[in-house]
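**Student:** Just query-v2.pdb, nothing more (PDB, C-alpha atoms and all ligand atoms):
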MODEL        1
ATOM      1  CA  MET A  57      37.610   8.792  34.737  1.00  0.00           C
ATOM      2  CA  ARG A  58      37.547   5.015  34.571  1.00  0.00           C
ATOM      3  CA  LYS A  59      35.149   3.644  31.952  1.00  0.00           C
ATOM      4  CA  PRO A  60      32.685   1.150  33.474  1.00  0.00           C
ATOM      5  CA  PHE A  61      33.431  -2.418  32.456  1.00  0.00           C
ATOM      6  CA  LEU A  62      30.719  -5.107  32.606  1.00  0.00           C
ATOM      7  CA  ALA A  63      31.837  -8.643  31.831  1.00  0.00           C
ATOM      8  CA  GLY A  64      29.948 -11.934  31.629  1.00  0.00           C
ATOM      9  CA  ASN A  65      31.679 -15.188  32.466  1.00  0.00           C
ATOM     10  CA  TRP A  66      29.596 -17.963  30.935  1.00  0.00           C
ATOM     11  CA  LYS A  67      31.721 -20.687  32.610  1.00  0.00           C
ATOM     12  CA  MET A  68      31.042 -24.243  31.344  1.00  0.00           C
ATOM     13  CA  ASN A  69      27.599 -23.437  29.949  1.00  0.00           C
ATOM     14  CA  LYS A  70      26.082 -23.334  26.451  1.00  0.00           C
ATOM     15  CA  THR A  71      26.738 -25.429  23.365  1.00  0.00           C
ATOM     16  CA  VAL A  72      27.982 -23.590  20.284  1.00  0.00           C
ATOM     17  CA  ASP A  73      24.436 -23.115  18.957  1.00  0.00           C
ATOM     18  CA  GLU A  74      23.161 -21.925  22.333  1.00  0.00           C
ATOM     19  CA  ALA A  75      26.100 -19.534  22.716  1.00  0.00           C
ATOM     20  CA  VAL A  76      25.466 -18.043  19.272  1.00  0.00           C
ATOM     21  CA  GLU A  77      21.789 -17.588  20.147  1.00  0.00           C
ATOM     22  CA  LEU A  78      22.595 -15.889  23.469  1.00  0.00           C
ATOM     23  CA  ALA A  79      25.185 -13.619  21.847  1.00  0.00           C
ATOM     24  CA  LYS A  80      22.688 -12.574  19.153  1.00  0.00           C
ATOM     25  CA  GLU A  81      20.019 -11.782  21.759  1.00  0.00           C
ATOM     26  CA  LEU A  82      22.474  -9.849  23.867  1.00  0.00           C
ATOM     27  CA  VAL A  83      23.799  -7.754  20.982  1.00  0.00           C
ATOM     28  CA  GLU A  84      20.208  -6.861  20.119  1.00  0.00           C
ATOM     29  CA  ASN A  85      19.270  -6.061  23.733  1.00  0.00           C
ATOM     30  CA  VAL A  86      22.343  -3.974  24.437  1.00  0.00           C
ATOM     31  CA  GLY A  87      22.369  -1.881  21.257  1.00  0.00           C
ATOM     32  CA  ASP A  88      25.009   0.739  20.551  1.00  0.00           C
ATOM     33  CA  VAL A  89      26.900   1.578  23.757  1.00  0.00           C
ATOM     34  CA  LYS A  90      29.857   3.928  23.891  1.00  0.00           C
ATOM     35  CA  ASP A  91      30.179   4.959  27.525  1.00  0.00           C
ATOM     36  CA  ARG A  92      30.906   1.506  28.973  1.00  0.00           C
ATOM     37  CA  ASP A  93      32.833  -1.602  27.961  1.00  0.00           C
ATOM     38  CA  ILE A  94      30.902  -4.851  27.576  1.00  0.00           C
ATOM     39  CA  LEU A  95      32.486  -8.278  27.430  1.00  0.00           C
ATOM     40  CA  ILE A  96      31.277 -11.864  27.156  1.00  0.00           C
ATOM     41  CA  CYS A  97      33.444 -14.889  27.860  1.00  0.00           C
ATOM     42  CA  PRO A  98      32.023 -18.122  26.408  1.00  0.00           C
ATOM     43  CA  THR A  99      33.878 -21.444  26.472  1.00  0.00           C
ATOM     44  CA  SER A 100      36.879 -21.711  24.148  1.00  0.00           C
ATOM     45  CA  LEU A 101      34.911 -24.008  21.861  1.00  0.00           C
ATOM     46  CA  CYS A 102      32.362 -21.263  21.146  1.00  0.00           C
ATOM     47  CA  LEU A 103      34.747 -18.350  20.604  1.00  0.00           C
ATOM     48  CA  THR A 104      35.070 -18.524  16.818  1.00  0.00           C
ATOM     49  CA  GLU A 105      31.319 -18.639  16.196  1.00  0.00           C
ATOM     50  CA  VAL A 106      30.466 -16.024  18.816  1.00  0.00           C
ATOM     51  CA  ALA A 107      33.184 -13.761  17.364  1.00  0.00           C
ATOM     52  CA  LYS A 108      31.193 -13.610  14.116  1.00  0.00           C
ATOM     53  CA  ILE A 109      28.140 -12.375  16.020  1.00  0.00           C
ATOM     54  CA  VAL A 110      29.819  -9.680  18.118  1.00  0.00           C
ATOM     55  CA  LYS A 111      32.162  -8.348  15.433  1.00  0.00           C
ATOM     56  CA  GLY A 112      31.485  -4.636  14.860  1.00  0.00           C
ATOM     57  CA  THR A 113      29.078  -4.419  17.832  1.00  0.00           C
ATOM     58  CA  SER A 114      29.473  -2.909  21.318  1.00  0.00           C
ATOM     59  CA  VAL A 115      30.115  -6.375  22.782  1.00  0.00           C
ATOM     60  CA  LYS A 116      33.697  -7.611  23.066  1.00  0.00           C
ATOM     61  CA  LEU A 117      34.868 -11.201  23.281  1.00  0.00           C
ATOM     62  CA  GLY A 118      37.026 -12.860  25.917  1.00  0.00           C
ATOM     63  CA  ALA A 119      38.194 -16.287  27.050  1.00  0.00           C
ATOM     64  CA  GLN A 120      37.915 -17.787  30.522  1.00  0.00           C
ATOM     65  CA  ASN A 121      41.480 -19.069  30.753  1.00  0.00           C
ATOM     66  CA  MET A 122      44.727 -19.280  28.816  1.00  0.00           C
ATOM     67  CA  SER A 123      48.010 -21.172  28.929  1.00  0.00           C
ATOM     68  CA  PHE A 124      51.211 -19.368  29.865  1.00  0.00           C
ATOM     69  CA  GLU A 125      53.007 -21.511  27.271  1.00  0.00           C
ATOM     70  CA  ASP A 126      53.199 -20.549  23.591  1.00  0.00           C
ATOM     71  CA  SER A 127      52.549 -23.951  21.977  1.00  0.00           C
ATOM     72  CA  GLY A 128      53.483 -27.616  22.156  1.00  0.00           C
ATOM     73  CA  ALA A 129      52.723 -30.678  24.234  1.00  0.00           C
ATOM     74  CA  PHE A 130      50.236 -29.196  26.728  1.00  0.00           C
ATOM     75  CA  THR A 131      47.145 -31.353  26.326  1.00  0.00           C
ATOM     76  CA  GLY A 132      43.880 -29.515  26.790  1.00  0.00           C
ATOM     77  CA  GLU A 133      45.431 -26.041  26.869  1.00  0.00           C
ATOM     78  CA  VAL A 134      44.741 -23.007  24.654  1.00  0.00           C
ATOM     79  CA  SER A 135      47.366 -20.359  23.853  1.00  0.00           C
ATOM     80  CA  ALA A 136      47.186 -16.564  23.697  1.00  0.00           C
ATOM     81  CA  ASP A 137      47.841 -16.640  19.939  1.00  0.00           C
ATOM     82  CA  MET A 138      44.911 -19.027  19.469  1.00  0.00           C
ATOM     83  CA  LEU A 139      42.621 -16.743  21.464  1.00  0.00           C
ATOM     84  CA  LEU A 140      43.701 -13.687  19.501  1.00  0.00           C
ATOM     85  CA  ALA A 141      43.193 -15.535  16.210  1.00  0.00           C
ATOM     86  CA  ALA A 142      39.700 -16.532  17.377  1.00  0.00           C
ATOM     87  CA  GLY A 143      38.820 -12.856  17.895  1.00  0.00           C
ATOM     88  CA  CYS A 144      39.362 -12.425  21.635  1.00  0.00           C
ATOM     89  CA  ASP A 145      40.255  -9.050  23.104  1.00  0.00           C
ATOM     90  CA  TYR A 146      40.324 -10.272  26.700  1.00  0.00           C
ATOM     91  CA  VAL A 147      41.128 -13.246  28.886  1.00  0.00           C
ATOM     92  CA  ILE A 148      40.119 -13.975  32.495  1.00  0.00           C
ATOM     93  CA  ILE A 149      43.075 -15.118  34.582  1.00  0.00           C
ATOM     94  CA  GLY A 150      43.136 -16.719  38.015  1.00  0.00           C
ATOM     95  CA  HIS A 151      39.399 -17.158  38.519  1.00  0.00           C
ATOM     96  CA  SER A 152      38.774 -18.715  41.942  1.00  0.00           C
ATOM     97  CA  GLU A 153      37.385 -21.858  40.266  1.00  0.00           C
ATOM     98  CA  ARG A 154      40.704 -22.237  38.413  1.00  0.00           C
ATOM     99  CA  ARG A 155      42.588 -21.682  41.672  1.00  0.00           C
ATOM    100  CA  GLU A 156      40.382 -24.116  43.611  1.00  0.00           C
ATOM    101  CA  TYR A 157      39.779 -26.995  41.165  1.00  0.00           C
ATOM    102  CA  TYR A 158      42.877 -26.783  38.933  1.00  0.00           C
ATOM    103  CA  HIS A 159      45.359 -25.684  41.587  1.00  0.00           C
ATOM    104  CA  GLU A 160      46.377 -22.471  39.867  1.00  0.00           C
ATOM    105  CA  ASP A 161      48.661 -20.587  42.223  1.00  0.00           C
ATOM    106  CA  ASN A 162      49.956 -17.023  42.247  1.00  0.00           C
ATOM    107  CA  GLU A 163      52.977 -18.054  40.198  1.00  0.00           C
ATOM    108  CA  ALA A 164      50.815 -19.473  37.380  1.00  0.00           C
ATOM    109  CA  VAL A 165      48.562 -16.397  37.495  1.00  0.00           C
ATOM    110  CA  ASN A 166      51.641 -14.179  37.250  1.00  0.00           C
ATOM    111  CA  LYS A 167      53.024 -16.145  34.268  1.00  0.00           C
ATOM    112  CA  LYS A 168      49.658 -15.914  32.512  1.00  0.00           C
ATOM    113  CA  ALA A 169      49.414 -12.165  33.160  1.00  0.00           C
ATOM    114  CA  LYS A 170      52.907 -11.692  31.721  1.00  0.00           C
ATOM    115  CA  LYS A 171      52.044 -13.826  28.689  1.00  0.00           C
ATOM    116  CA  ALA A 172      48.870 -11.806  28.101  1.00  0.00           C
ATOM    117  CA  LEU A 173      50.874  -8.572  28.214  1.00  0.00           C
ATOM    118  CA  GLU A 174      53.530  -9.973  25.865  1.00  0.00           C
ATOM    119  CA  LYS A 175      50.888 -11.081  23.363  1.00  0.00           C
ATOM    120  CA  GLY A 176      48.675  -7.999  23.626  1.00  0.00           C
ATOM    121  CA  ILE A 177      45.539  -9.651  24.950  1.00  0.00           C
ATOM    122  CA  ASN A 178      43.818  -7.754  27.799  1.00  0.00           C
ATOM    123  CA  ALA A 179      43.870  -9.587  31.104  1.00  0.00           C
ATOM    124  CA  ILE A 180      41.269  -9.588  33.865  1.00  0.00           C
ATOM    125  CA  VAL A 181      43.052 -10.886  36.948  1.00  0.00           C
ATOM    126  CA  CYS A 182      40.797 -12.296  39.678  1.00  0.00           C
ATOM    127  CA  VAL A 183      41.566 -11.984  43.381  1.00  0.00           C
ATOM    128  CA  GLY A 184      39.484 -12.748  46.447  1.00  0.00           C
ATOM    129  CA  GLU A 185      39.279 -14.496  49.774  1.00  0.00           C
ATOM    130  CA  LYS A 186      37.399 -17.625  50.866  1.00  0.00           C
ATOM    131  CA  LEU A 187      34.774 -17.557  53.618  1.00  0.00           C
ATOM    132  CA  GLU A 188      37.072 -19.092  56.243  1.00  0.00           C
ATOM    133  CA  GLU A 189      39.762 -16.538  55.402  1.00  0.00           C
ATOM    134  CA  ARG A 190      37.275 -13.663  55.809  1.00  0.00           C
ATOM    135  CA  GLU A 191      36.006 -15.103  59.090  1.00  0.00           C
ATOM    136  CA  ALA A 192      39.582 -15.389  60.344  1.00  0.00           C
ATOM    137  CA  GLY A 193      40.086 -11.670  59.604  1.00  0.00           C
ATOM    138  CA  LYS A 194      42.468 -12.454  56.751  1.00  0.00           C
ATOM    139  CA  ALA A 195      40.494 -11.074  53.792  1.00  0.00           C
ATOM    140  CA  GLU A 196      42.836  -8.144  53.149  1.00  0.00           C
ATOM    141  CA  SER A 197      46.035 -10.138  53.578  1.00  0.00           C
ATOM    142  CA  VAL A 198      44.805 -12.833  51.146  1.00  0.00           C
ATOM    143  CA  VAL A 199      43.854 -10.214  48.549  1.00  0.00           C
ATOM    144  CA  GLU A 200      47.182  -8.433  49.046  1.00  0.00           C
ATOM    145  CA  ASP A 201      48.998 -11.735  48.531  1.00  0.00           C
ATOM    146  CA  HIS A 202      47.019 -12.419  45.327  1.00  0.00           C
ATOM    147  CA  LEU A 203      47.830  -8.931  44.027  1.00  0.00           C
ATOM    148  CA  LYS A 204      51.534  -9.029  44.883  1.00  0.00           C
ATOM    149  CA  GLY A 205      51.781 -12.493  43.340  1.00  0.00           C
ATOM    150  CA  ALA A 206      49.922 -11.602  40.151  1.00  0.00           C
ATOM    151  CA  PHE A 207      51.811  -8.346  39.548  1.00  0.00           C
ATOM    152  CA  SER A 208      55.286  -9.560  40.509  1.00  0.00           C
ATOM    153  CA  GLY A 209      57.845  -8.323  37.968  1.00  0.00           C
ATOM    154  CA  ILE A 210      55.252  -6.364  35.950  1.00  0.00           C
ATOM    155  CA  SER A 211      56.057  -2.693  35.306  1.00  0.00           C
ATOM    156  CA  GLY A 212      53.648   0.143  36.151  1.00  0.00           C
ATOM    157  CA  GLU A 213      53.308   0.896  32.445  1.00  0.00           C
ATOM    158  CA  ASP A 214      52.059  -2.643  31.840  1.00  0.00           C
ATOM    159  CA  ALA A 215      50.070  -2.977  35.065  1.00  0.00           C
ATOM    160  CA  VAL A 216      47.615  -0.249  34.024  1.00  0.00           C
ATOM    161  CA  LYS A 217      46.570  -2.414  31.056  1.00  0.00           C
ATOM    162  CA  ILE A 218      45.279  -5.072  33.449  1.00  0.00           C
ATOM    163  CA  THR A 219      41.777  -5.111  34.971  1.00  0.00           C
ATOM    164  CA  ILE A 220      41.321  -6.585  38.434  1.00  0.00           C
ATOM    165  CA  ALA A 221      38.214  -8.501  39.465  1.00  0.00           C
ATOM    166  CA  TYR A 222      37.636  -8.679  43.210  1.00  0.00           C
ATOM    167  CA  GLU A 223      35.569 -11.798  43.742  1.00  0.00           C
ATOM    168  CA  PRO A 224      35.056 -12.934  47.332  1.00  0.00           C
ATOM    169  CA  VAL A 225      34.822 -16.705  46.838  1.00  0.00           C
ATOM    170  CA  TRP A 226      31.949 -17.012  49.324  1.00  0.00           C
ATOM    171  CA  ALA A 227      29.813 -14.748  47.125  1.00  0.00           C
ATOM    172  CA  ILE A 228      30.314 -16.596  43.829  1.00  0.00           C
ATOM    173  CA  GLY A 229      27.240 -18.490  42.678  1.00  0.00           C
ATOM    174  CA  THR A 230      25.853 -18.530  46.227  1.00  0.00           C
ATOM    175  CA  GLY A 231      23.361 -15.676  46.001  1.00  0.00           C
ATOM    176  CA  LYS A 232      25.338 -13.934  48.787  1.00  0.00           C
ATOM    177  CA  THR A 233      26.688 -10.571  47.718  1.00  0.00           C
ATOM    178  CA  ALA A 234      29.179  -8.512  49.660  1.00  0.00           C
ATOM    179  CA  THR A 235      27.379  -5.356  50.757  1.00  0.00           C
ATOM    180  CA  PRO A 236      28.183  -2.437  48.455  1.00  0.00           C
ATOM    181  CA  GLU A 237      30.033  -0.879  51.403  1.00  0.00           C
ATOM    182  CA  ASP A 238      32.149  -3.995  52.081  1.00  0.00           C
ATOM    183  CA  ALA A 239      32.928  -4.379  48.388  1.00  0.00           C
ATOM    184  CA  ASP A 240      33.866  -0.702  48.080  1.00  0.00           C
ATOM    185  CA  ASN A 241      36.108  -0.929  51.150  1.00  0.00           C
ATOM    186  CA  MET A 242      37.970  -3.881  49.656  1.00  0.00           C
ATOM    187  CA  HIS A 243      38.237  -2.092  46.303  1.00  0.00           C
ATOM    188  CA  ALA A 244      39.734   0.914  48.120  1.00  0.00           C
ATOM    189  CA  PHE A 245      42.194  -1.437  49.824  1.00  0.00           C
ATOM    190  CA  ILE A 246      43.097  -2.944  46.424  1.00  0.00           C
ATOM    191  CA  ARG A 247      43.681   0.524  44.988  1.00  0.00           C
ATOM    192  CA  LYS A 248      45.877   1.449  47.951  1.00  0.00           C
ATOM    193  CA  THR A 249      47.872  -1.752  47.526  1.00  0.00           C
ATOM    194  CA  LEU A 250      48.350  -0.952  43.816  1.00  0.00           C
ATOM    195  CA  ALA A 251      49.480   2.562  44.765  1.00  0.00           C
ATOM    196  CA  ASP A 252      52.035   1.010  47.145  1.00  0.00           C
ATOM    197  CA  ILE A 253      53.300  -1.398  44.466  1.00  0.00           C
ATOM    198  CA  TYR A 254      53.298   1.255  41.711  1.00  0.00           C
ATOM    199  CA  ASP A 255      52.084   4.796  42.393  1.00  0.00           C
ATOM    200  CA  GLU A 256      48.854   6.752  42.903  1.00  0.00           C
ATOM    201  CA  ALA A 257      48.566   7.663  39.226  1.00  0.00           C
ATOM    202  CA  ALA A 258      48.746   4.026  38.106  1.00  0.00           C
ATOM    203  CA  ALA A 259      46.330   2.924  40.824  1.00  0.00           C
ATOM    204  CA  GLU A 260      43.811   5.614  39.826  1.00  0.00           C
ATOM    205  CA  LYS A 261      43.837   4.400  36.227  1.00  0.00           C
ATOM    206  CA  MET A 262      43.230   0.743  36.979  1.00  0.00           C
ATOM    207  CA  ARG A 263      39.730  -0.668  36.755  1.00  0.00           C
ATOM    208  CA  ILE A 264      38.491  -2.937  39.533  1.00  0.00           C
ATOM    209  CA  GLN A 265      35.411  -5.058  38.880  1.00  0.00           C
ATOM    210  CA  TYR A 266      33.317  -6.640  41.599  1.00  0.00           C
ATOM    211  CA  GLY A 267      32.134 -10.224  41.147  1.00  0.00           C
ATOM    212  CA  GLY A 268      29.913 -12.417  43.289  1.00  0.00           C
ATOM    213  CA  SER A 269      26.185 -12.875  42.684  1.00  0.00           C
ATOM    214  CA  VAL A 270      25.827  -9.597  40.795  1.00  0.00           C
ATOM    215  CA  LYS A 271      22.275  -9.364  39.452  1.00  0.00           C
ATOM    216  CA  ASP A 272      20.030  -6.847  37.749  1.00  0.00           C
ATOM    217  CA  SER A 273      18.555  -6.093  41.191  1.00  0.00           C
ATOM    218  CA  ASN A 274      21.827  -5.173  42.954  1.00  0.00           C
ATOM    219  CA  VAL A 275      24.031  -3.802  40.169  1.00  0.00           C
ATOM    220  CA  ASP A 276      22.896  -0.178  40.543  1.00  0.00           C
ATOM    221  CA  GLU A 277      23.902   0.126  44.206  1.00  0.00           C
ATOM    222  CA  LEU A 278      27.220  -1.628  43.592  1.00  0.00           C
ATOM    223  CA  MET A 279      28.083   0.553  40.599  1.00  0.00           C
ATOM    224  CA  ALA A 280      27.216   3.701  42.574  1.00  0.00           C
ATOM    225  CA  ARG A 281      30.297   3.136  44.764  1.00  0.00           C
ATOM    226  CA  GLU A 282      33.405   5.171  44.115  1.00  0.00           C
ATOM    227  CA  ASN A 283      35.882   2.333  43.733  1.00  0.00           C
ATOM    228  CA  ILE A 284      33.674  -0.169  41.895  1.00  0.00           C
ATOM    229  CA  ASP A 285      34.384   0.243  38.192  1.00  0.00           C
ATOM    230  CA  GLY A 286      32.487  -2.708  36.819  1.00  0.00           C
ATOM    231  CA  ALA A 287      31.273  -6.221  37.388  1.00  0.00           C
ATOM    232  CA  LEU A 288      32.327  -9.738  36.503  1.00  0.00           C
ATOM    233  CA  VAL A 289      29.063 -11.637  36.302  1.00  0.00           C
ATOM    234  CA  GLY A 290      28.527 -15.393  36.220  1.00  0.00           C
ATOM    235  CA  GLY A 291      24.975 -16.747  36.530  1.00  0.00           C
ATOM    236  CA  ALA A 292      23.167 -13.538  35.597  1.00  0.00           C
ATOM    237  CA  SER A 293      25.145 -13.247  32.349  1.00  0.00           C
ATOM    238  CA  LEU A 294      23.532 -16.420  30.989  1.00  0.00           C
ATOM    239  CA  LYS A 295      20.274 -14.662  30.133  1.00  0.00           C
ATOM    240  CA  ALA A 296      20.348 -11.833  27.610  1.00  0.00           C
ATOM    241  CA  ASP A 297      17.732  -9.691  29.345  1.00  0.00           C
ATOM    242  CA  SER A 298      19.330  -9.835  32.804  1.00  0.00           C
ATOM    243  CA  PHE A 299      22.847  -9.186  31.514  1.00  0.00           C
ATOM    244  CA  ALA A 300      21.572  -6.355  29.286  1.00  0.00           C
ATOM    245  CA  ARG A 301      19.971  -4.773  32.374  1.00  0.00           C
ATOM    246  CA  ILE A 302      23.251  -5.155  34.259  1.00  0.00           C
ATOM    247  CA  VAL A 303      25.084  -3.481  31.393  1.00  0.00           C
ATOM    248  CA  LYS A 304      22.544  -0.650  31.507  1.00  0.00           C
ATOM    249  CA  PHE A 305      23.046  -0.055  35.253  1.00  0.00           C
ATOM    250  CA  LYS A 306      21.901   3.396  36.410  1.00  0.00           C
TER     251      LYS A 306
HETATM  252  C1  LIG B 401      31.898 -15.389  38.401  1.00  0.00           C
HETATM  253  O1  LIG B 401      31.667 -16.253  37.588  1.00  0.00           O
HETATM  254  O2  LIG B 401      32.991 -14.851  38.394  1.00  0.00           O
HETATM  255  C2  LIG B 401      30.837 -15.021  39.343  1.00  0.00           C
HETATM  256  C3  LIG B 401      31.020 -13.963  40.089  1.00  0.00           C
HETATM  257  O3  LIG B 401      29.699 -15.800  39.366  1.00  0.00           O
HETATM  258  P1  LIG B 401      28.243 -15.399  39.960  1.00  0.00           P
HETATM  259  O4  LIG B 401      27.907 -14.049  39.367  1.00  0.00           O
HETATM  260  O5  LIG B 401      27.334 -16.478  39.459  1.00  0.00           O
HETATM  261  O6  LIG B 401      28.363 -15.339  41.432  1.00  0.00           O
ENDMDL
END
Would you mind writing the structure in this file as structure tokens?
Ligand code: PEP
**Tutor:**
Amino acid sequence: MRKPFLAGNWKMNKTVDEAVELAKELVENVGDVKDRDILICPTSLCLTEVAKIVKGTSVKLGAQNMSFEDSGAFTGEVSADMLLAAGCDYVIIGHSERREYYHEDNEAVNKKAKKALEKGINAIVCVGEKLEEREAGKAESVVEDHLKGAFSGISGEDAVKITIAYEPVWAIGTGKTATPEDADNMHAFIRKTLADIYDEAAAEKMRIQYGGSVKDSNVDELMARENIDGALVGGASLKADSFARIVKFK
């Protein structure tokens, strides 16, 4: 059985004080949860302070991005060691906004995934097609390409430590959600692709989150689907009550 995994990506929102306030509210709203994993990903600047709030609670801490380099002259970058020292358990890799605005390609995503594995920080690797790719009937081939790129040279033993987030780009922040059926079909395709790269046993173990306008009003029907193991939530994770309701999906 795959443990449900609900993650909030706060993107470039919240000052340190606001992030601390939101984390406090969320911890209170969520309470003690054992049967699902809960994660919040504030900006790097807020990690140290938010870590103090979530320590010892059911809420884990993650970063939104990470360098594939260890240290040195890489202005503006943050390393895996820095994230671990700040209290992070997780890091999001290859979010579509990183791919689109900062030109992160499959090779960079792959290097980051390998660095995360080397350093022992849990990676959430994002994959997903753009609207024009879906309309051209290329959704599956784009997702397959993202997966093969991200997992290139990674063993099956390591691959199972990685979470995948399927995020159709056209559904992110737009209010448009893939239907639960469409999302589940793509998740099944992702699992089949993982079984082809590795084997059925590895593919069965791996958690696949859905992301794209997940809200308290649609989370239940998404989470009811066989291959949807969790959610990566943007906008609706910025309010403690809505994210707490998402975490408490039925
Ligand atoms: C995301 O940030 O990964 C995301 C899916 O955003 P939203 O929930 O706002 O669509």
**Student:** So, with only C-alpha atoms as the atoms that count, which of A:Thr99, A:Asp276, A:Glu196, A:Val289 lies closest to Arg247 (chain A)?
**Tutor:** A:Glu196
**Student:** My list of candidates is A:Arg263, A:Asp255, A:Asp238, A:Met138. Which is closest to Ser211 (chain A) when distances are computed with all atoms listed in the file?
**Tutor:**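 Under the stated criterion, the closest residue is A:Asp255.
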**Student:** List as a list in words the protein and nucleic acid residues lying within 7 Å of ligand LIG 401 (chain B), with only C-alpha atoms and all ligand atoms counted.
**Tutor:**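 My answer, listing the contacting residues, is Asn65, Lys67, His151, Glu223, Ala227, Ile228, Gly229, Thr230, Gly231, Gly267, Gly268, Ser269, Val270, Leu288, Val289, Gly290, Gly291 and Ala292 of chain A.
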**Student:** If the PyMOL selection byres (((chain A and resi 167) around 12) and not hetatm) is run on the structure shown, which residues does it catch, given as a ChimeraX atom specification?
**Tutor:** /A:122-126,149-150,160-166,168-174,179,181,205-210
**Student:** Using all atoms listed in the file, can you tell me which of A:Gly184, A:Lys304, A:Ser127, A:Gln120 comes closest to Lys90 (chain A)?
**Tutor:**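 Of A:Gly184, A:Lys304, A:Ser127, A:Gln120, the one nearest Lys90 (chain A), counting all atoms listed in the file, is A:Lys304.
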**Student:** Filtering to N, CA, C and O atoms, could region 134-146 of chain A of the supplied structure be written out as a PDB file, in the first residue's frame?
**Tutor:**
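Resulting contents of result-v3.pdb:
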ATOM      1  N   VAL A 134      21.219  27.163  -4.130  1.00  0.00           N
ATOM      2  CA  VAL A 134      21.193  26.585  -2.784  1.00  0.00           C
ATOM      3  C   VAL A 134      21.494  25.089  -2.919  1.00  0.00           C
ATOM      4  O   VAL A 134      20.942  24.417  -3.786  1.00  0.00           O
ATOM      5  N   SER A 135      22.393  24.586  -2.059  1.00  0.00           N
ATOM      6  CA  SER A 135      22.824  23.186  -2.205  1.00  0.00           C
ATOM      7  C   SER A 135      21.988  22.230  -1.360  1.00  0.00           C
ATOM      8  O   SER A 135      21.293  22.642  -0.418  1.00  0.00           O
ATOM      9  N   ALA A 136      22.140  20.938  -1.665  1.00  0.00           N
ATOM     10  CA  ALA A 136      21.446  19.894  -0.894  1.00  0.00           C
ATOM     11  C   ALA A 136      21.881  19.938   0.565  1.00  0.00           C
ATOM     12  O   ALA A 136      21.041  19.825   1.474  1.00  0.00           O
ATOM     13  N   ASP A 137      23.177  20.104   0.816  1.00  0.00           N
ATOM     14  CA  ASP A 137      23.654  20.150   2.207  1.00  0.00           C
ATOM     15  C   ASP A 137      23.013  21.309   2.968  1.00  0.00           C
ATOM     16  O   ASP A 137      22.677  21.177   4.146  1.00  0.00           O
ATOM     17  N   MET A 138      22.859  22.439   2.287  1.00  0.00           N
ATOM     18  CA  MET A 138      22.234  23.607   2.943  1.00  0.00           C
ATOM     19  C   MET A 138      20.779  23.302   3.288  1.00  0.00           C
ATOM     20  O   MET A 138      20.299  23.664   4.361  1.00  0.00           O
ATOM     21  N   LEU A 139      20.087  22.643   2.380  1.00  0.00           N
ATOM     22  CA  LEU A 139      18.677  22.306   2.625  1.00  0.00           C
ATOM     23  C   LEU A 139      18.555  21.321   3.783  1.00  0.00           C
ATOM     24  O   LEU A 139      17.696  21.467   4.662  1.00  0.00           O
ATOM     25  N   LEU A 140      19.425  20.336   3.803  1.00  0.00           N
ATOM     26  CA  LEU A 140      19.388  19.356   4.895  1.00  0.00           C
ATOM     27  C   LEU A 140      19.673  20.041   6.228  1.00  0.00           C
ATOM     28  O   LEU A 140      18.982  19.805   7.220  1.00  0.00           O
ATOM     29  N   ALA A 141      20.675  20.933   6.224  1.00  0.00           N
ATOM     30  CA  ALA A 141      21.030  21.639   7.464  1.00  0.00           C
ATOM     31  C   ALA A 141      19.890  22.549   7.932  1.00  0.00           C
ATOM     32  O   ALA A 141      19.737  22.802   9.129  1.00  0.00           O
ATOM     33  N   ALA A 142      19.088  23.020   6.985  1.00  0.00           N
ATOM     34  CA  ALA A 142      17.953  23.891   7.342  1.00  0.00           C
ATOM     35  C   ALA A 142      16.755  23.088   7.845  1.00  0.00           C
ATOM     36  O   ALA A 142      15.769  23.662   8.295  1.00  0.00           O
ATOM     37  N   GLY A 143      16.827  21.758   7.733  1.00  0.00           N
ATOM     38  CA  GLY A 143      15.739  20.923   8.260  1.00  0.00           C
ATOM     39  C   GLY A 143      14.824  20.342   7.202  1.00  0.00           C
ATOM     40  O   GLY A 143      13.738  19.846   7.517  1.00  0.00           O
ATOM     41  N   CYS A 144      15.262  20.377   5.942  1.00  0.00           N
ATOM     42  CA  CYS A 144      14.414  19.836   4.865  1.00  0.00           C
ATOM     43  C   CYS A 144      14.526  18.316   4.758  1.00  0.00           C
ATOM     44  O   CYS A 144      15.618  17.760   4.818  1.00  0.00           O
ATOM     45  N   ASP A 145      13.392  17.688   4.539  1.00  0.00           N
ATOM     46  CA  ASP A 145      13.365  16.251   4.233  1.00  0.00           C
ATOM     47  C   ASP A 145      13.209  16.032   2.736  1.00  0.00           C
ATOM     48  O   ASP A 145      13.511  14.967   2.228  1.00  0.00           O
ATOM     49  N   TYR A 146      12.653  17.031   2.056  1.00  0.00           N
ATOM     50  CA  TYR A 146      12.274  16.862   0.646  1.00  0.00           C
ATOM     51  C   TYR A 146      12.733  18.037  -0.195  1.00  0.00           C
ATOM     52  O   TYR A 146      12.957  19.138   0.316  1.00  0.00           O
TER      53      TYR A 146
END
